[in-house]
Each structure stands twice: as C-alpha cells, then as structure tokens.
file target_14.txt (compact mmCIF, C-alpha atoms)
# COMPACT_ATOMS: atom_id res chain seq x y z
CA MET A 169 13.52 30.77 -5.93
CA ASP A 170 10.62 29.02 -7.65
CA GLU A 171 8.99 26.03 -5.98
CA GLU A 172 10.26 23.39 -8.42
CA LYS A 173 13.88 24.53 -8.10
CA TYR A 174 13.56 24.76 -4.33
CA ALA A 175 12.12 21.25 -4.19
CA PHE A 176 15.01 19.92 -6.25
CA GLU A 177 17.61 21.47 -3.94
CA GLN A 178 15.74 20.65 -0.72
CA THR A 179 17.08 17.87 1.48
CA PHE A 180 15.29 15.97 4.25
CA SER A 181 16.41 14.10 7.34
CA PHE A 182 14.30 11.60 9.26
CA ASN A 183 13.81 10.34 12.80
CA ALA A 184 12.08 7.05 13.62
CA LEU A 185 8.83 7.42 15.59
CA ARG A 186 9.30 4.30 17.67
CA THR A 187 6.24 4.89 19.84
CA LYS A 188 3.89 5.07 16.83
CA THR A 189 1.72 1.94 16.68
CA PHE A 190 -0.76 0.56 14.16
CA SER A 191 -3.93 -1.26 15.16
CA PHE A 192 -3.67 -3.73 12.27
CA LEU A 193 -0.33 -4.97 13.63
CA GLN A 194 -1.78 -5.46 17.13
CA ASP A 195 -5.38 -6.60 16.66
CA LYS A 196 -5.60 -10.38 17.14
CA ASP A 197 -8.32 -10.94 14.53
CA THR A 198 -6.40 -8.95 11.92
CA LEU A 199 -3.16 -10.77 12.70
CA ALA A 200 -4.98 -14.09 12.33
CA ARG A 201 -6.25 -13.04 8.89
CA LEU A 202 -2.78 -11.88 7.81
CA MET A 203 -1.44 -15.26 8.93
CA LYS A 204 -4.13 -17.05 6.89
CA TRP A 205 -3.20 -14.92 3.87
CA SER A 206 0.54 -15.76 4.29
CA MET A 207 1.40 -12.09 4.93
CA LEU A 208 2.13 -12.18 8.67
CA GLY A 209 5.69 -11.11 9.45
CA ARG A 210 6.08 -9.89 5.87
CA ILE A 211 3.79 -6.86 5.99
CA SER A 212 4.99 -3.92 8.06
CA ALA A 213 4.58 -0.23 8.80
CA GLN A 214 7.24 2.06 10.28
CA SER A 215 6.79 5.78 10.90
CA PHE A 216 9.30 8.62 10.78
CA SER A 217 9.23 12.37 11.28
CA PHE A 218 10.99 14.68 8.81
CA ASP A 219 12.38 18.17 9.09
CA HIS A 220 11.25 20.27 6.09
CA SER A 221 8.05 21.05 4.23
CA PHE A 222 6.96 18.43 1.72
CA SER A 223 5.38 19.26 -1.63
CA PRO A 224 4.51 17.00 -4.58
CA TYR A 225 7.38 18.66 -6.50
CA SER A 226 9.84 17.25 -3.98
CA SER A 227 8.59 13.63 -4.11
CA GLU A 228 11.65 12.14 -5.80
CA LYS A 229 14.15 14.06 -3.68
CA PHE A 230 12.15 13.18 -0.57
CA ALA A 231 12.25 9.47 -1.38
CA LEU A 232 15.95 9.55 -2.24
CA CYS A 233 16.78 11.35 1.03
CA PHE A 234 14.66 8.81 2.91
CA PHE A 235 16.51 5.79 1.55
CA ARG A 236 19.90 7.41 2.13
CA ASP A 237 19.17 8.54 5.68
CA PRO A 238 21.32 6.77 8.33
CA GLU A 239 18.38 6.62 10.77
CA VAL A 240 16.23 4.95 8.12
CA LEU A 241 18.95 2.51 7.14
CA SER A 242 19.51 1.47 10.74
CA SER A 243 15.76 1.03 11.25
CA LEU A 244 15.35 -1.12 8.16
CA ARG A 245 18.50 -3.11 8.97
CA LYS A 246 18.36 -4.90 5.63
CA MET A 247 20.21 -2.14 3.81
CA GLU A 248 23.77 -0.92 3.95
CA ALA A 249 24.53 2.80 4.09
CA GLY A 250 26.30 4.17 1.07
CA GLY A 251 25.19 1.42 -1.28
CA TRP A 252 22.44 3.40 -2.96
CA VAL A 253 22.27 4.98 -6.36
CA PRO A 254 19.43 7.37 -7.35
CA LEU A 255 16.02 5.87 -6.72
CA GLY A 256 14.65 3.88 -9.62
CA ILE A 257 10.93 4.61 -9.40
CA VAL A 258 8.81 7.08 -7.47
CA GLU A 259 5.21 6.68 -8.55
CA PRO A 260 2.63 9.05 -7.05
CA THR A 261 -0.47 7.03 -6.16
CA PRO A 262 -3.84 8.83 -6.00
CA CYS A 263 -5.33 8.78 -2.51
CA THR A 264 -8.61 10.67 -2.20
CA LYS A 265 -11.20 8.23 -0.84
CA VAL A 266 -12.80 8.76 2.58
CA SER A 267 -15.35 5.93 2.36
CA MET A 268 -15.59 2.36 1.04
CA GLU A 269 -18.15 3.28 -1.67
CA LEU A 270 -15.55 2.51 -4.32
CA PHE A 271 -16.26 -1.20 -3.76
CA ASP A 272 -20.07 -0.97 -4.08
CA PRO A 273 -20.17 -2.14 -7.73
CA ILE A 274 -18.49 -5.44 -6.76
CA TYR A 275 -21.59 -6.43 -4.79
CA SER A 276 -24.01 -6.31 -7.72
CA CYS A 277 -22.18 -7.48 -10.85
CA GLY A 278 -21.95 -11.27 -10.47
CA ILE A 279 -18.65 -11.51 -8.60
CA LEU A 280 -20.49 -12.23 -5.34
CA ARG A 281 -23.55 -14.22 -4.42
CA PRO A 282 -26.26 -12.36 -2.43
CA THR A 283 -24.75 -13.92 0.73
CA GLY A 284 -21.41 -12.18 0.09
CA HIS A 285 -19.75 -15.44 -0.96
CA VAL A 286 -17.27 -15.13 -3.83
CA VAL A 287 -18.27 -16.94 -7.03
CA LYS A 288 -15.78 -19.64 -8.05
CA CYS A 289 -14.55 -19.94 -11.64
CA PHE A 290 -12.18 -22.00 -13.81
CA HIS A 291 -8.59 -20.95 -14.50
CA ASP A 292 -5.88 -22.71 -16.55
CA VAL A 293 -3.13 -22.06 -13.96
CA TYR A 294 -4.78 -21.55 -10.57
CA PRO A 295 -6.81 -24.58 -9.38
CA ASP A 296 -8.95 -22.78 -6.77
CA TYR A 297 -9.85 -19.58 -8.60
CA ASP A 298 -12.69 -17.10 -8.22
CA GLU A 299 -14.32 -14.13 -9.93
CA LEU A 300 -12.90 -11.63 -7.41
CA ARG A 301 -9.27 -12.48 -8.15
CA GLN A 302 -10.08 -12.64 -11.86
CA MET A 303 -11.52 -9.09 -11.68
CA LEU A 304 -8.44 -7.88 -9.81
CA ARG A 305 -5.85 -9.51 -12.10
CA ASP A 306 -7.20 -10.24 -15.55
CA GLU A 307 -7.88 -7.35 -17.89
CA GLU A 308 -9.87 -9.76 -20.09
CA SER A 309 -12.34 -10.37 -17.25
CA GLU A 310 -15.85 -9.10 -18.01
CA HIS A 311 -15.81 -7.55 -14.53
CA TYR A 312 -12.39 -5.87 -14.78
CA TYR A 313 -13.76 -2.34 -15.10
CA VAL A 314 -16.77 -2.77 -12.82
CA VAL A 315 -14.57 -0.56 -10.63
CA GLY A 316 -13.60 2.26 -13.00
CA ARG A 317 -10.12 2.86 -14.37
CA GLU A 318 -9.59 5.96 -12.20
CA GLU A 319 -10.80 4.20 -9.05
CA ARG A 320 -8.53 1.22 -9.74
CA GLY A 321 -5.61 3.64 -9.50
CA GLU A 322 -6.54 4.71 -5.96
CA PHE A 323 -4.38 3.59 -3.03
CA LEU A 324 -7.52 2.20 -1.36
CA PHE A 325 -8.11 -0.16 -4.30
CA SER A 326 -4.42 -1.16 -4.44
CA LEU A 327 -4.50 -2.01 -0.74
CA PHE A 328 -7.63 -4.15 -1.22
CA LYS A 329 -6.02 -5.93 -4.17
CA HIS A 330 -2.82 -6.65 -2.22
CA LEU A 331 -4.82 -8.21 0.62
CA CYS A 332 -7.01 -10.29 -1.69
CA LEU A 333 -4.01 -11.74 -3.54
CA GLY A 334 -2.00 -12.36 -0.36
CA GLY A 335 1.30 -14.19 0.07
CA GLU A 336 2.80 -17.39 -1.30
CA LEU A 337 0.69 -19.83 0.75
CA CYS A 338 -2.45 -17.67 0.92
CA GLN A 339 -5.64 -19.39 2.02
CA TYR A 340 -8.29 -17.39 0.19
CA GLU A 341 -11.53 -16.28 1.82
CA ASP A 342 -14.93 -17.63 0.74
CA THR A 343 -16.59 -14.26 1.44
CA ILE A 344 -15.55 -10.68 0.71
CA ASP A 345 -16.15 -9.30 4.22
CA PRO A 346 -12.71 -10.12 5.73
CA TYR A 347 -10.97 -8.37 2.81
CA ILE A 348 -13.18 -5.27 3.07
CA SER A 349 -12.92 -4.93 6.85
CA THR A 350 -9.13 -5.42 6.88
CA THR A 351 -8.67 -2.97 4.01
CA LYS A 352 -10.71 -0.37 5.92
CA GLN A 353 -8.73 -0.90 9.13
CA ILE A 354 -5.30 -0.62 7.49
CA TYR A 355 -6.36 2.36 5.37
CA LYS A 356 -7.60 4.23 8.46
CA ASP A 357 -4.34 3.38 10.23
CA LEU A 358 -2.18 4.74 7.42
CA ILE A 359 -4.08 7.73 6.01
CA SER A 360 -4.55 11.19 7.55
CA VAL A 361 -7.70 13.25 6.95
CA GLN A 362 -8.86 16.77 7.80
CA LYS A 363 -12.21 18.56 7.77
CA ASP A 364 -12.42 21.48 5.39
CA PRO A 365 -13.41 24.49 7.55
CA GLU A 366 -15.62 25.93 4.78
CA THR A 367 -17.32 22.90 3.24
CA LYS A 368 -17.17 20.81 6.48
CA LYS A 369 -16.27 17.83 4.28
CA ILE A 370 -13.59 15.32 5.29
CA ALA A 371 -10.67 15.14 2.84
CA VAL A 372 -7.48 13.05 2.66
CA VAL A 373 -4.33 15.09 3.28
CA SER A 374 -1.84 12.21 2.94
CA LYS A 375 0.33 11.90 -0.17
CA VAL A 376 1.16 8.34 -1.25
CA LEU A 377 4.27 7.39 -3.23
CA LYS A 378 4.92 3.86 -4.49
CA VAL A 379 8.68 3.36 -4.47
CA CYS A 380 11.52 0.99 -5.24
CA ALA A 381 15.26 1.53 -4.92
CA PHE A 382 18.39 0.26 -6.66
CA ASP A 383 22.01 -0.32 -5.74
CA GLU A 384 25.01 -1.23 -7.93
CA SER A 385 23.71 -4.75 -8.54
CA GLY A 386 20.18 -3.69 -9.45
CA ARG A 387 16.86 -3.55 -7.65
CA CYS A 388 17.32 -3.95 -3.90
CA PHE A 389 14.16 -2.67 -2.21
CA PRO A 390 11.51 -3.89 -1.83
CA GLY A 391 12.99 -7.22 -2.87
CA VAL A 392 15.55 -7.92 -5.56
CA ARG A 393 13.06 -8.98 -8.23
CA GLU A 394 9.84 -7.39 -9.35
CA GLU A 395 6.77 -9.14 -7.96
CA GLU A 396 3.22 -7.78 -7.87
CA GLN A 397 2.84 -8.63 -4.19
CA THR A 398 6.21 -7.19 -3.13
CA PHE A 399 5.53 -3.49 -2.65
CA ALA A 400 6.55 -0.39 -0.73
CA TYR A 401 4.66 2.86 -0.22
CA LEU A 402 5.76 6.09 1.44
CA ILE A 403 2.66 7.68 2.99
CA VAL A 404 3.33 11.32 3.83
CA ASP A 405 1.37 13.58 6.16
CA PRO A 406 2.70 17.00 5.05
CA TYR A 407 1.04 18.85 7.97
CA LYS A 408 2.40 16.74 10.82
CA ARG A 409 5.62 16.08 8.87
CA HIS A 410 5.21 12.39 9.53
CA MET A 411 5.80 9.61 7.02
CA THR A 412 5.04 5.89 7.13
CA LEU A 413 6.85 3.22 5.15
CA PHE A 414 4.26 0.52 4.42
CA CYS A 415 5.63 -2.57 2.70
CA HIS A 416 5.25 -6.28 2.06
CA PHE A 417 7.72 -8.89 0.84
CA TYR A 418 6.04 -11.73 -1.05
CA GLY A 419 6.81 -15.18 0.32
CA VAL A 420 5.70 -17.62 3.01
CA GLY A 421 4.32 -15.79 6.04
CA ASN A 422 4.61 -16.74 9.70
CA PHE A 423 2.43 -19.65 10.89
CA THR A 424 1.95 -18.34 14.45
CA VAL A 425 0.64 -15.00 15.66

call {"tool": "encode", "arguments": {"input": "target_14.txt", "output": "structure tokens"}}
result
Amino acid sequence: MDEEKYAFEQTFSFNALRTKTFSFLQDKDTLARLMKWSMLGRISAQSFSFDHSFSPYSSEKFALCFFRDPEVLSSLRKMEAGGWVPLGIVEPTPCTKVSMELFDPIYSCGILRPTGHVVKCFHDVYPDYDELRQMLRDEESEHYYVVGREERGEFLFSLFKHLCLGGELCQYEDTIDPYISTTKQIYKDLISVQKDPETKKIAVVSKVLKVCAFDESGRCFPGVREEEQTFAYLIVDPYKRHMTLFCHFYGVGNFTV
C-alpha cells in the first residue's frame, strides 16, 4: 500500500496529556503581558498523545480524527460530539526556525528607534498606530517585506504577529522587547527540536497545521466567524506522538491574572 493511500485510510485516536504544562501559561510576567494585550483567558494550549505514525500526507485525516475524537470533544467542552462535517481548512504552516534571527531586519529599517521604541505613525482608522503594526498588517507599507515573503509564512512570524496585534482591548507596547521575548518563550514551549547526529545542527521536528472546522450551520471552531486574531494550530511532534492544540479566541481578555 503506497504512503498516500495508507495516510488516507489511517485513523487516529487521542488521549489528553493532562500533566503537560506550558511555562507561558504559568509565568507571572508573561500572564501580565497577555492580560495587557487582552489575550488572557482566551489563549490556550492543550496537549494530547496519539496512537499511529503521523506523516504530512495524513494531515487532513489527522485533523479530522482529532476534532471527532470523544476525548478531544470532552476536553474542549465547547463542542458537541457528532456535530462535525469534514474539516473546512487544514493549512500546513512552515516551521523551520531555531533562532530569532528572522526579526533582525525590523531593528534597522525605521520601524524602531535605536532605543527599541516603536515609531508611531498616522492611520485613518486606528488612532494610536505605529510602524510595527503597519508592517504586520498593511501590504502597502514600505516595510511590509523587510521580513521576506517566505519568512512571513513561518509559524514563528505568525506567532509574533498574533501577539503584537493582541485582543479586543489590547494595550500596545511602546518597545518591541516584550513581543520578542514572549514570542520566544511560547515558541520554545510549543515546538520540538532535535540535533542532527551527522551535522550536529539543531532542527525543528514539529509539524504545524493551521485549522478550522465546520458543522451543519457553518464555521464552528475556532469561533463562528473568521477573524485574523481568532486562530487554531495543531502542533505535531511525530516522534513522541504528541500534539498540542494552540488557539486564541479574539475578544476581551481577563482583567486579573
């Protein structure tokens, strides 16, 4: 049986790893920043083990099995078993970075002052706008491709962008450092790496899938309507057979840690 056919026929079952913890959901300074960014209580990570080998060919079947699994449904609590139709979108997200060098160009292109403070700018809609958010959001920005097209597709960049844009009542930072340090912490929490025995270089082994699911009435996870800051990723460690659901629901975050 060839690999593609096997992947199509393969099924997966999942068990919640309830003892698995994440430093970014426990560290007081990080929680305080997430509260400031209106993401506290709305950003989460839950880990599961799974029972069969994962390959990129099986991504869609893997995600569909995940969202239909009774253990998953009981863990997420917001979903009802049996209400799912085939998953709407499974979007493989490149994840290859093992350092923060991707962000180096941001420091020398005019987005930041030499002190690390973000340069403010005018915007028709947003009253308190800056060059960093403009670079992240606006393709017309002169700085949009200071981080290259390929790098912008990386999970590391997406994570940084999600944190910079925040939740509904986000209080934006004056300097870039809190965004960079929190991105690094969450990325290290979520991503698995291994050292190549021959080259001795560290490489990412995790596979990242951006997902959303539908039921009979339309989109149901994450959130019923499409919103840039409502997202869900399945982050798969194919060697340990562990998977983390990392998601955020846009809205007003908790006001207390």

call {"tool": "closest_residue", "arguments": {"input": "target_14.txt", "among": "A:Val404, A:Cys277, A:Ile348, A:Ile354", "to": "A:Val372", "atoms": "only C-alpha atoms"}}
result
A:Val404

call {"tool": "closest_residue", "arguments": {"input": "target_14.txt", "among": "A:Lys265, A:Leu327, A:Gln397, A:Leu300", "to": "A:Val361", "atoms": "only C-alpha atoms"}}
result
A:Lys265

call {"tool": "atom_distance", "arguments": {"input": "target_14.txt", "atom1": "atom CA of A:Ser181", "atom2": "atom CA of A:Phe218"}}
result
5.6 Å

call {"tool": "atom_distance", "arguments": {"input": "target_14.txt", "atom1": "atom CA of A:Pro295", "atom2": "atom CA of A:Thr424"}}
result
26.1 Å

call {"tool": "residues_around", "arguments": {"input": "target_14.txt", "residues": "A:Lys356", "least_positions_apart": "2", "cutoff": "12 Å", "atoms": "all atoms listed in the file", "output": "PyMOL selection string"}}
result
chain A and resi 190-192+265-268+323-324+327+349-354+358-361+372+374

call {"tool": "atom_distance", "arguments": {"input": "target_14.txt", "atom1": "atom CA of A:Asp298", "atom2": "atom CA of A:Arg201"}}
result
18.7 Å

call {"tool": "residues_around", "arguments": {"input": "target_14.txt", "residues": "A:Cys263", "least_positions_apart": "3", "cutoff": "7 Å", "atoms": "all atoms listed in the file", "output": "PDB file with C-alpha atoms, in the frame of the given file"}}
result
ATOM      1  CA  GLU A 322      -6.540   4.710  -5.960  1.00  0.00           C
ATOM      2  CA  PHE A 323      -4.380   3.590  -3.030  1.00  0.00           C
ATOM      3  CA  LYS A 375       0.330  11.900  -0.170  1.00  0.00           C
ATOM      4  CA  VAL A 376       1.160   8.340  -1.250  1.00  0.00           C
TER       5      VAL A 376
END

call {"tool": "closest_residue", "arguments": {"input": "target_14.txt", "among": "A:Glu336, A:Glu384, A:Glu299, A:Glu228", "to": "A:Ser206", "atoms": "all atoms listed in the file"}}
result
A:Glu336
